[in-house]
Amino acid sequence: MSLEETEPLVEPTTRGSPEDWKRSLEKVVPCCVVLKVTQTRAFDTEAAGSAYATGFIVDKQRGLILTNRHVVTPGPIVAEAIFLNREELPVVPLYYDPIHDFGFLRFDPSRLQFMEVSEVPLAPEGATVGLDIRVVGNDSGEKVSILAGTLARLDRDAPVYGRKGYNDFNTFYLQAASGTKGGSSGSPVIDCQGRAVGLNAGGKNKAASAYYLPLERVVRALKLIQASKDACDKPGVWPAPVIPRGDLQTTFVFKGFDEVRRLGLQQETERRVRNSKTAPGPEGAQHSTGMLVVDSVVPGCACDGVIEAGDVLVELNGQVVTHFLALEELLDDAAQDRMGGGSGKVQLLLERGGKPIRAEVDVTDLHTVTPNCFLELAGGAVHALSYQQARNNRAVVGQVYVAEPGYMLGRANVPKCAIITGLNGKPTPDLITFATVLRTLPHGARAPLEYLTFGERHRRKNAILHVDRQWYGPPVYWTRDYALGTWHPTTDYPPGAPPPPEPSIKPLAASTAEPISTEARLANGHATGTADASPAPMDTEQVAAANGGGGAAAASTSGREGSTPAAGTDSGAGDMQVCTAASHSTLQTALLRCCLVLVDVDIPLVALSDGVHSRSFAGNGLVVYAGERVGLVLVDRNTVAVGPCDVNLSFGAHPAEISGRVRFLHPLHNFALVSYDPAALPPEARAKVRAAELLPYPPLKRGEAMRLVGLTKHLRVMQRTSTVTNATAALTIPSAEVPRFRAVHEEVIKLDQDFGATFSGCLTDNRGRVRGLWCSYSEQVRGSCVEKEEREWCAGLHAAVFYPWVEQLARQLDQDAPAPPPTACVLDAELEAVLLSKAAQFGLPGEWVSRLDQLDPERRQVLRVRSCVAQSHASKVLRSGDMLLAMSGRPVTCFQDGAAAAAAPADGSGRPTMHLTIYRSGAVQDVEVVLGQEDGMGTGRLVHWCGAQLQAPHRGVRELGFLPEGAAGVYISRWHHGSPAHRYGLYALHWIQQVNGVDTPDLDSFLAAVANIGDGQFVRLKVCHLETTQPKVLTLKLDLHYWPTWELRLDPGTCSWRRLQHGKLGTAKQAAA
């Protein structure tokens, strides 16, 4: 922890001889340990993560280690202590102070086998100005670091680290110049006798200065812990420590008499305080140079309205108090009195503007305003607002505080550190009320949520909470066990409340009308795709309703916006022509509005698969099938990037929002298909929504006029007429740093004018027929910095590319049987277009140059193999640089030629082969290639183990052309903060090839290999990195308590996802919702 402040210079006055320091360090260094601490969940002021710190043994018999509170943390942690001889033992948190920056960890001394340790005595009375000190610890990750310094101040104000983090208060700090850095938190500050006179806590960024916590209150806590352990008659069992801590929920600051006098302190009071010896010192009580002044009071506490900022504290229980130590002793005694059945009140004498004020107030037990439980909600954490954060932000203790939003709250745009004030129309003043209301909401419910942020505390904000129990399971309530130093989970919270409904997959809506043939349904759903076909007509009332007003009024408005008739012309005829054109345009706009959909996609953190680069996307979609049982929406893959996600559809035809389900992701081209349930729409919306007419043929040509139409985020139609400048632009998107989907083998449409780089939509002709999808694309480009930057742009995708897939999926979903996504047969090689003039220079024979030129005089290109998919049959037959001349005996010059043969929907006859004619090394030759088969939903299984997300290597990885030798079926695509994967460096872009020497070629073999490894045991992993291709061996300690093994698995029949929990034997069982 660090801050910036001017450093006073003080010359040292107390020094030890080199021999004294040598003897002292020989005793102290073996007592210091390196602490590896992992915060498994975000809690209060601390985020989930892993870090190194320092601690030192203060009781070798009981195994007690002293360190900082911000190391122990108030939340769930897992920690190990590494001793000087490199022995490692687990340590568990025993106690942390609610306010001050110290805490205790304990270990089992009997498990230390190869060294004997001593303990560092605590001597708070030894801290004096000018004392020569040494700070012994793990500084900046070093195993042992010894830094020298000199105590300069004993009465420094407690350092302030920021409003959102932990801050100590109501205490003095020691200050010295020692230059400690990260990792030295919890280091002992020793004198030449080997005694600890302070505890290292923080420092400055730009100066060699550090701040140490005095040890008076540490000594008190240590004695109480030792006494509680001695009172326990069970060997090896630790009782929960009972350390009375009282407070007024008031922050005091120490001010000199010169400042206090300006606040109105009476001269008589100042004389009485100066004559009393109330300030502790190394030689006993001393005269004070100032008094304690109220800095702030927490709202809603017992002192709120009684004590005000600027009040000067004179007496407490009849005793003059000018020092924090005396204040805390009296407040702790009052808290202990309350624990024993007493009143727990104190008598205060204050002065406010020179007027004495007497008051009797209740003392707050600090342990009751420090949360010891939290609700884990879809990857987030909410708990009662702690005294620490209430003081930082001047708020009432106990409100519902968001320590980490997670997926559900994050999807509602609730930020970190927010306060939830209401859910589903009911106030939520505390955590149990919030959990009670939440438990009544079923999976998939949409409930209004009210919250506030401290930055805008006077304005309540409203959002819609999408209740999810599919991706993360039910909310988990964690409670701290002070005796064991761990946290216990339960899903039964509040206890005894009725359990919420389990997440269920809603079947397709059953039709109550008479049966209709599949052909008739498809004909009504969308057009047949011929140039002479016309869409099903919509009458005038439907058009007017869909457009939001009268058709005649809209037409006349467009007519007035037309150009003024020229002189000498028949103005009436001119107005009629303008009105006729405007009316036609208005009708087409109304028809297209009924087909357009705004698509919002949110991806849970536990489902960020296949290298997807963001957690939320938004774009335009197009209704391409509107049947009675199901509807289909066409959208680009820069909006729907992966299968495991939540899709929200907002229809342009009517103000209605419903959920969608991903049904198909093309492995090569930039489009996806999402289904929706028409029964979920209001009847008025169902009557307005219609499918667009797709016109895949004839292909678009340069110079044709197109209308670019789409919806804004406000669901308003935007359109403009543009001209096709290039209908055959070959697309080449480079691989991203983290492999992900990218469109290949694609020719796109370029326009002379569009709506910018991020506005997607559709391309239609003057009759409203869809000729293409205006798609959003994303790629990484080299920016001004070393790292690559994301760049988005738009281009058109020909209707001929997605039309056959729409037809096939519509037929499948229209049946009563389960409809798994179609499988795509693809050529496992990436092709690129090369000009024939360049190909001739590479040696392509002249007869082939002439033949391809005559076949396609516009493109005048040949396709060349750029790379092959790793471990595919194509990689064994084809090489980079091969020129593809013909497929199945038919010459090819563009991607569309090969698409008809290679990427057509599979017919279920297995993996077909294809005859290719290629040019390689000066010769034309024929080869046979087995086509690859790609699932229409991409990755269908995600295993979460020790915080690492495991999956089979997706196509984006295999397109790079490398898979490690041997086992290559377990690929790490993500890891989570605060997990064992984070702690031991098991990061993304690695393959796990072996577990304890056993090969793991796929996810099932991996789960079998780790099934019998218990919690807390170490496992040896052989991994291989994608970029370096270098194998290495890692060790990892399992933490099945906080990070159990589970998985998300796709049901192909319904395209829905299920969360499965793994038992001890590695067999999957469905988790209770």
# chains A, B, ... in the order shown; residues from 1 in each chain; ligands from 1
$ residues_around --residues "A:Arg272" --least-positions-apart "6" --cutoff "12 Å" --atoms "only C-alpha atoms" --output "PyMOL selection string"
chain A and resi 265-266+278+287-288+291+314-315+319-322
$ select_by_dssp --residues "stretch 755-823 of chain A" --states "strand (DSSP E)" --output "MDAnalysis selection string"
chainID A and resid 761:764 770:782 788:798
$ write_last_selection --atoms "C-alpha atoms" --output "PDB file, in the first residue's frame"
ATOM      1  CA  GLY A 761     -28.221  -3.716 -41.055  1.00  0.00           C
ATOM      2  CA  CYS A 762     -29.298  -5.187 -44.390  1.00  0.00           C
ATOM      3  CA  LEU A 763     -29.074  -4.393 -48.094  1.00  0.00           C
ATOM      4  CA  THR A 764     -32.306  -4.360 -50.088  1.00  0.00           C
ATOM      5  CA  VAL A 770     -32.899  -8.514 -49.062  1.00  0.00           C
ATOM      6  CA  ARG A 771     -29.807  -8.940 -51.239  1.00  0.00           C
ATOM      7  CA  GLY A 772     -27.300  -9.092 -48.429  1.00  0.00           C
ATOM      8  CA  LEU A 773     -26.581  -8.664 -44.727  1.00  0.00           C
ATOM      9  CA  TRP A 774     -24.637  -5.536 -43.798  1.00  0.00           C
ATOM     10  CA  CYS A 775     -22.292  -7.140 -41.257  1.00  0.00           C
ATOM     11  CA  SER A 776     -19.985  -5.841 -38.579  1.00  0.00           C
ATOM     12  CA  TYR A 777     -16.412  -7.144 -38.667  1.00  0.00           C
ATOM     13  CA  SER A 778     -13.647  -6.869 -36.096  1.00  0.00           C
ATOM     14  CA  GLU A 779      -9.899  -7.224 -36.418  1.00  0.00           C
ATOM     15  CA  GLN A 780      -6.762  -6.317 -34.519  1.00  0.00           C
ATOM     16  CA  VAL A 781      -4.508  -3.679 -36.021  1.00  0.00           C
ATOM     17  CA  ARG A 782      -1.204  -2.279 -34.888  1.00  0.00           C
ATOM     18  CA  LYS A 788      -2.726  -4.248 -31.024  1.00  0.00           C
ATOM     19  CA  GLU A 789      -6.008  -2.366 -31.026  1.00  0.00           C
ATOM     20  CA  GLU A 790      -9.485  -3.499 -31.983  1.00  0.00           C
ATOM     21  CA  ARG A 791     -10.913  -1.998 -35.160  1.00  0.00           C
ATOM     22  CA  GLU A 792     -14.462  -2.487 -36.371  1.00  0.00           C
ATOM     23  CA  TRP A 793     -15.847  -1.925 -39.848  1.00  0.00           C
ATOM     24  CA  CYS A 794     -18.834  -3.012 -41.915  1.00  0.00           C
ATOM     25  CA  ALA A 795     -19.304  -4.735 -45.252  1.00  0.00           C
ATOM     26  CA  GLY A 796     -22.054  -6.646 -47.032  1.00  0.00           C
ATOM     27  CA  LEU A 797     -22.451 -10.430 -47.080  1.00  0.00           C
ATOM     28  CA  HIS A 798     -24.182 -11.861 -50.158  1.00  0.00           C
TER      29      HIS A 798
END
$ residues_around --residues "A:Asp754" --least-positions-apart "6" --cutoff "9 Å" --atoms "only C-alpha atoms" --output "list in words"
Leu708, Arg720, Thr721, Ser722 and Cys794 of chain A
$ write_last_selection --atoms "all heavy atoms" --output "short mmCIF file (atom, residue, chain, number, x, y, z; two decimals), in the first residue's frame"
data_model
loop_
_atom_site.label_atom_id
_atom_site.label_comp_id
_atom_site.auth_asym_id
_atom_site.auth_seq_id
_atom_site.Cartn_x
_atom_site.Cartn_y
_atom_site.Cartn_z
N LEU A 708 -29.43 0.70 -47.86
CA LEU A 708 -28.87 0.23 -46.59
C LEU A 708 -29.83 0.62 -45.48
O LEU A 708 -30.10 1.80 -45.26
CB LEU A 708 -27.49 0.85 -46.36
CG LEU A 708 -26.84 0.60 -45.00
CD1 LEU A 708 -26.69 -0.89 -44.72
CD2 LEU A 708 -25.47 1.28 -44.93
N ARG A 720 -30.47 4.65 -46.30
CA ARG A 720 -29.96 5.53 -47.33
C ARG A 720 -29.72 4.70 -48.58
O ARG A 720 -29.50 3.48 -48.52
CB ARG A 720 -28.66 6.21 -46.88
CG ARG A 720 -27.43 5.32 -46.87
CD ARG A 720 -26.20 6.05 -46.36
NE ARG A 720 -26.05 7.36 -46.96
CZ ARG A 720 -25.34 8.34 -46.41
NH1 ARG A 720 -24.72 8.14 -45.26
NH2 ARG A 720 -25.23 9.51 -47.02
N THR A 721 -29.78 5.37 -49.72
CA THR A 721 -29.52 4.70 -50.99
C THR A 721 -28.04 4.84 -51.33
O THR A 721 -27.49 5.94 -51.31
CB THR A 721 -30.38 5.32 -52.11
OG1 THR A 721 -31.76 5.19 -51.75
CG2 THR A 721 -30.12 4.63 -53.43
N SER A 722 -27.42 3.70 -51.63
CA SER A 722 -26.00 3.67 -51.95
C SER A 722 -25.78 2.87 -53.21
O SER A 722 -26.68 2.16 -53.69
CB SER A 722 -25.19 3.08 -50.79
OG SER A 722 -25.39 3.79 -49.60
N CYS A 794 -17.66 -2.32 -41.39
CA CYS A 794 -18.83 -3.01 -41.91
C CYS A 794 -18.67 -3.29 -43.40
O CYS A 794 -18.02 -2.53 -44.13
CB CYS A 794 -20.11 -2.20 -41.69
SG CYS A 794 -20.60 -2.07 -39.96
#
$ closest_residue --among "A:Pro214, A:Pro241, A:Gly961, A:Gly55" --to "A:Leu325" --atoms "only C-alpha atoms"
A:Pro214
$ select_by_dssp --residues "stretch 794-844 of chain A" --states "alpha helix (DSSP H)" --output "list of chain:residue names"
A:Ala799, A:Ala800, A:Val801, A:Phe802, A:Tyr803, A:Pro804, A:Trp805, A:Val806, A:Glu807, A:Gln808, A:Leu809, A:Ala810, A:Arg811, A:Gln812, A:Leu813, A:Leu836, A:Ser837, A:Lys838, A:Ala839, A:Ala840, A:Gln841
$ write_last_selection --atoms "N, CA and C atoms" --output "PDB file, in the first residue's frame"
ATOM      1  N   ALA A 799     -26.462 -12.634 -50.002  1.00  0.00           N
ATOM      2  CA  ALA A 799     -27.549 -13.493 -49.525  1.00  0.00           C
ATOM      3  C   ALA A 799     -27.348 -14.942 -49.925  1.00  0.00           C
ATOM      4  N   ALA A 800     -26.635 -15.180 -51.017  1.00  0.00           N
ATOM      5  CA  ALA A 800     -26.405 -16.561 -51.449  1.00  0.00           C
ATOM      6  C   ALA A 800     -25.580 -17.343 -50.446  1.00  0.00           C
ATOM      7  N   VAL A 801     -24.813 -16.657 -49.582  1.00  0.00           N
ATOM      8  CA  VAL A 801     -23.972 -17.344 -48.601  1.00  0.00           C
ATOM      9  C   VAL A 801     -24.819 -17.937 -47.488  1.00  0.00           C
ATOM     10  N   PHE A 802     -25.799 -17.198 -46.969  1.00  0.00           N
ATOM     11  CA  PHE A 802     -26.556 -17.691 -45.821  1.00  0.00           C
ATOM     12  C   PHE A 802     -27.912 -18.269 -46.198  1.00  0.00           C
ATOM     13  N   TYR A 803     -28.374 -18.059 -47.420  1.00  0.00           N
ATOM     14  CA  TYR A 803     -29.723 -18.502 -47.788  1.00  0.00           C
ATOM     15  C   TYR A 803     -29.931 -20.006 -47.596  1.00  0.00           C
ATOM     16  N   PRO A 804     -29.036 -20.893 -48.058  1.00  0.00           N
ATOM     17  CA  PRO A 804     -29.308 -22.333 -47.884  1.00  0.00           C
ATOM     18  C   PRO A 804     -29.333 -22.758 -46.419  1.00  0.00           C
ATOM     19  N   TRP A 805     -28.576 -22.098 -45.576  1.00  0.00           N
ATOM     20  CA  TRP A 805     -28.567 -22.453 -44.155  1.00  0.00           C
ATOM     21  C   TRP A 805     -29.869 -22.010 -43.486  1.00  0.00           C
ATOM     22  N   VAL A 806     -30.400 -20.890 -43.880  1.00  0.00           N
ATOM     23  CA  VAL A 806     -31.689 -20.452 -43.348  1.00  0.00           C
ATOM     24  C   VAL A 806     -32.769 -21.458 -43.723  1.00  0.00           C
ATOM     25  N   GLU A 807     -32.763 -21.899 -44.989  1.00  0.00           N
ATOM     26  CA  GLU A 807     -33.754 -22.862 -45.437  1.00  0.00           C
ATOM     27  C   GLU A 807     -33.663 -24.167 -44.652  1.00  0.00           C
ATOM     28  N   GLN A 808     -32.428 -24.677 -44.477  1.00  0.00           N
ATOM     29  CA  GLN A 808     -32.286 -25.972 -43.801  1.00  0.00           C
ATOM     30  C   GLN A 808     -32.681 -25.892 -42.332  1.00  0.00           C
ATOM     31  N   LEU A 809     -32.226 -24.835 -41.636  1.00  0.00           N
ATOM     32  CA  LEU A 809     -32.533 -24.746 -40.220  1.00  0.00           C
ATOM     33  C   LEU A 809     -34.021 -24.493 -40.000  1.00  0.00           C
ATOM     34  N   ALA A 810     -34.659 -23.722 -40.872  1.00  0.00           N
ATOM     35  CA  ALA A 810     -36.096 -23.492 -40.733  1.00  0.00           C
ATOM     36  C   ALA A 810     -36.871 -24.793 -40.877  1.00  0.00           C
ATOM     37  N   ARG A 811     -36.464 -25.644 -41.809  1.00  0.00           N
ATOM     38  CA  ARG A 811     -37.134 -26.936 -41.974  1.00  0.00           C
ATOM     39  C   ARG A 811     -36.944 -27.812 -40.741  1.00  0.00           C
ATOM     40  N   GLN A 812     -35.737 -27.803 -40.181  1.00  0.00           N
ATOM     41  CA  GLN A 812     -35.493 -28.636 -39.005  1.00  0.00           C
ATOM     42  C   GLN A 812     -36.315 -28.175 -37.809  1.00  0.00           C
ATOM     43  N   LEU A 813     -36.314 -26.872 -37.552  1.00  0.00           N
ATOM     44  CA  LEU A 813     -37.020 -26.372 -36.375  1.00  0.00           C
ATOM     45  C   LEU A 813     -38.519 -26.468 -36.520  1.00  0.00           C
ATOM     46  N   LEU A 836      -3.824 -13.104 -61.305  1.00  0.00           N
ATOM     47  CA  LEU A 836      -3.230 -14.013 -62.290  1.00  0.00           C
ATOM     48  C   LEU A 836      -1.868 -13.523 -62.763  1.00  0.00           C
ATOM     49  N   SER A 837      -1.692 -12.220 -62.818  1.00  0.00           N
ATOM     50  CA  SER A 837      -0.386 -11.699 -63.225  1.00  0.00           C
ATOM     51  C   SER A 837       0.696 -12.081 -62.225  1.00  0.00           C
ATOM     52  N   LYS A 838       0.354 -12.089 -60.934  1.00  0.00           N
ATOM     53  CA  LYS A 838       1.310 -12.524 -59.917  1.00  0.00           C
ATOM     54  C   LYS A 838       1.500 -14.034 -59.952  1.00  0.00           C
ATOM     55  N   ALA A 839       0.392 -14.757 -60.195  1.00  0.00           N
ATOM     56  CA  ALA A 839       0.489 -16.213 -60.244  1.00  0.00           C
ATOM     57  C   ALA A 839       1.383 -16.669 -61.382  1.00  0.00           C
ATOM     58  N   ALA A 840       1.340 -15.962 -62.502  1.00  0.00           N
ATOM     59  CA  ALA A 840       2.217 -16.312 -63.623  1.00  0.00           C
ATOM     60  C   ALA A 840       3.679 -16.187 -63.234  1.00  0.00           C
ATOM     61  N   GLN A 841       4.000 -15.205 -62.402  1.00  0.00           N
ATOM     62  CA  GLN A 841       5.385 -15.048 -61.976  1.00  0.00           C
ATOM     63  C   GLN A 841       5.818 -16.160 -61.030  1.00  0.00           C
TER      64      GLN A 841
END
$ atom_distance --atom1 "atom CA of A:Leu598" --atom2 "atom CA of A:Asn620"
4.9 Å
$ residues_around --residues "A:Asp155" --least-positions-apart "6" --cutoff "8 Å" --atoms "only C-alpha atoms" --output "VMD selection string"
chain A and resid 172 to 174
$ write_last_selection --atoms "N, CA, C and O atoms" --output "tab-separated table (two decimals), in the first residue's frame"
chain	number	residue	atom	x	y	z
A	172	PHE	N	-2.23	6.52	15.98
A	172	PHE	CA	-1.01	7.12	15.44
A	172	PHE	C	-0.22	6.06	14.69
A	172	PHE	O	-0.39	4.85	14.90
A	173	TYR	N	0.65	6.52	13.82
A	173	TYR	CA	1.57	5.64	13.11
A	173	TYR	C	3.00	6.11	13.36
A	173	TYR	O	3.25	7.29	13.63
A	174	LEU	N	3.92	5.18	13.26
A	174	LEU	CA	5.34	5.50	13.28
A	174	LEU	C	5.79	5.77	11.85
A	174	LEU	O	5.27	5.16	10.90
$ closest_residue --among "A:Phe43, A:Trp1057, A:Tyr472, A:Tyr482" --to "A:Pro371" --atoms "only C-alpha atoms"
A:Phe43
$ closest_residue --among "A:Ala447, A:Val306, A:Ala870, A:Leu681" --to "A:Leu649" --atoms "only C-alpha atoms"
A:Leu681
$ residues_around --residues "A:Val674" --least-positions-apart "3" --cutoff "8 Å" --atoms "only C-alpha atoms" --output "PyMOL selection string"
chain A and resi 632-635+660-664
$ write_last_selection --atoms "N, CA, C and O atoms" --output "PDB file, in the first residue's frame"
ATOM      1  N   LEU A 632     -36.769 -17.169 -36.730  1.00  0.00           N
ATOM      2  CA  LEU A 632     -35.317 -17.139 -36.893  1.00  0.00           C
ATOM      3  C   LEU A 632     -34.871 -15.725 -37.197  1.00  0.00           C
ATOM      4  O   LEU A 632     -35.483 -15.020 -38.012  1.00  0.00           O
ATOM      5  N   VAL A 633     -33.776 -15.315 -36.554  1.00  0.00           N
ATOM      6  CA  VAL A 633     -33.179 -14.001 -36.764  1.00  0.00           C
ATOM      7  C   VAL A 633     -31.758 -14.203 -37.276  1.00  0.00           C
ATOM      8  O   VAL A 633     -30.980 -14.967 -36.694  1.00  0.00           O
ATOM      9  N   LEU A 634     -31.439 -13.533 -38.358  1.00  0.00           N
ATOM     10  CA  LEU A 634     -30.105 -13.581 -38.946  1.00  0.00           C
ATOM     11  C   LEU A 634     -29.290 -12.414 -38.401  1.00  0.00           C
ATOM     12  O   LEU A 634     -29.762 -11.274 -38.370  1.00  0.00           O
ATOM     13  N   VAL A 635     -28.054 -12.691 -37.996  1.00  0.00           N
ATOM     14  CA  VAL A 635     -27.208 -11.658 -37.396  1.00  0.00           C
ATOM     15  C   VAL A 635     -25.754 -12.009 -37.698  1.00  0.00           C
ATOM     16  O   VAL A 635     -25.422 -13.171 -37.980  1.00  0.00           O
ATOM     17  N   GLY A 660     -33.672 -14.773 -26.965  1.00  0.00           N
ATOM     18  CA  GLY A 660     -33.426 -15.649 -28.102  1.00  0.00           C
ATOM     19  C   GLY A 660     -32.443 -16.742 -27.728  1.00  0.00           C
ATOM     20  O   GLY A 660     -31.857 -16.733 -26.640  1.00  0.00           O
ATOM     21  N   ARG A 661     -32.280 -17.686 -28.631  1.00  0.00           N
ATOM     22  CA  ARG A 661     -31.373 -18.803 -28.401  1.00  0.00           C
ATOM     23  C   ARG A 661     -30.526 -19.025 -29.654  1.00  0.00           C
ATOM     24  O   ARG A 661     -31.066 -19.108 -30.761  1.00  0.00           O
ATOM     25  N   VAL A 662     -29.225 -19.105 -29.475  1.00  0.00           N
ATOM     26  CA  VAL A 662     -28.332 -19.316 -30.604  1.00  0.00           C
ATOM     27  C   VAL A 662     -28.586 -20.703 -31.180  1.00  0.00           C
ATOM     28  O   VAL A 662     -28.577 -21.705 -30.455  1.00  0.00           O
ATOM     29  N   ARG A 663     -28.783 -20.744 -32.503  1.00  0.00           N
ATOM     30  CA  ARG A 663     -29.091 -22.015 -33.162  1.00  0.00           C
ATOM     31  C   ARG A 663     -28.022 -22.454 -34.151  1.00  0.00           C
ATOM     32  O   ARG A 663     -27.883 -23.639 -34.429  1.00  0.00           O
ATOM     33  N   PHE A 664     -27.279 -21.501 -34.681  1.00  0.00           N
ATOM     34  CA  PHE A 664     -26.280 -21.884 -35.679  1.00  0.00           C
ATOM     35  C   PHE A 664     -25.221 -20.792 -35.771  1.00  0.00           C
ATOM     36  O   PHE A 664     -25.539 -19.593 -35.798  1.00  0.00           O
TER      37      PHE A 664
END
$ residues_around --residues "A:Val1019" --least-positions-apart "3" --cutoff "7 Å" --atoms "only C-alpha atoms" --output "PDB file with all heavy atoms, in the first residue's frame"
ATOM      1  N   VAL A 995      -1.280 -35.080 -16.663  1.00  0.00           N
ATOM      2  CA  VAL A 995      -1.573 -34.865 -15.249  1.00  0.00           C
ATOM      3  C   VAL A 995      -0.883 -35.964 -14.471  1.00  0.00           C
ATOM      4  O   VAL A 995      -1.218 -37.143 -14.632  1.00  0.00           O
ATOM      5  CB  VAL A 995      -3.092 -34.871 -14.977  1.00  0.00           C
ATOM      6  CG1 VAL A 995      -3.367 -34.784 -13.485  1.00  0.00           C
ATOM      7  CG2 VAL A 995      -3.780 -33.746 -15.714  1.00  0.00           C
ATOM      8  N   ASN A 996       0.117 -35.590 -13.687  1.00  0.00           N
ATOM      9  CA  ASN A 996       0.905 -36.563 -12.924  1.00  0.00           C
ATOM     10  C   ASN A 996       1.436 -37.676 -13.824  1.00  0.00           C
ATOM     11  O   ASN A 996       1.423 -38.859 -13.464  1.00  0.00           O
ATOM     12  CB  ASN A 996       0.073 -37.154 -11.780  1.00  0.00           C
ATOM     13  CG  ASN A 996      -0.199 -36.149 -10.678  1.00  0.00           C
ATOM     14  OD1 ASN A 996       0.521 -35.163 -10.536  1.00  0.00           O
ATOM     15  ND2 ASN A 996      -1.240 -36.392  -9.905  1.00  0.00           N
ATOM     16  N   THR A1035       3.311 -27.100 -11.095  1.00  0.00           N
ATOM     17  CA  THR A1035       2.640 -27.755  -9.975  1.00  0.00           C
ATOM     18  C   THR A1035       1.532 -26.845  -9.488  1.00  0.00           C
ATOM     19  O   THR A1035       1.663 -25.618  -9.494  1.00  0.00           O
ATOM     20  CB  THR A1035       3.618 -28.048  -8.827  1.00  0.00           C
ATOM     21  OG1 THR A1035       4.233 -26.828  -8.405  1.00  0.00           O
ATOM     22  CG2 THR A1035       4.684 -29.029  -9.274  1.00  0.00           C
ATOM     23  N   LEU A1036       0.438 -27.445  -9.066  1.00  0.00           N
ATOM     24  CA  LEU A1036      -0.734 -26.692  -8.656  1.00  0.00           C
ATOM     25  C   LEU A1036      -1.391 -27.405  -7.485  1.00  0.00           C
ATOM     26  O   LEU A1036      -1.522 -28.633  -7.482  1.00  0.00           O
ATOM     27  CB  LEU A1036      -1.702 -26.548  -9.831  1.00  0.00           C
ATOM     28  CG  LEU A1036      -2.993 -25.780  -9.621  1.00  0.00           C
ATOM     29  CD1 LEU A1036      -3.345 -24.989 -10.881  1.00  0.00           C
ATOM     30  CD2 LEU A1036      -4.141 -26.732  -9.291  1.00  0.00           C
ATOM     31  N   LYS A1037      -1.797 -26.630  -6.498  1.00  0.00           N
ATOM     32  CA  LYS A1037      -2.479 -27.175  -5.336  1.00  0.00           C
ATOM     33  C   LYS A1037      -3.977 -27.008  -5.499  1.00  0.00           C
ATOM     34  O   LYS A1037      -4.470 -25.889  -5.712  1.00  0.00           O
ATOM     35  CB  LYS A1037      -2.001 -26.455  -4.063  1.00  0.00           C
ATOM     36  CG  LYS A1037      -2.585 -27.022  -2.780  1.00  0.00           C
ATOM     37  CD  LYS A1037      -2.035 -26.272  -1.576  1.00  0.00           C
ATOM     38  CE  LYS A1037      -2.578 -26.828  -0.274  1.00  0.00           C
ATOM     39  NZ  LYS A1037      -2.042 -26.087   0.893  1.00  0.00           N
TER      40      LYS A1037
END
$ closest_residue --among "A:Thr54, A:Ser276, A:Thr732, A:Thr723" --to "A:Ile749" --atoms "only C-alpha atoms"
A:Thr723
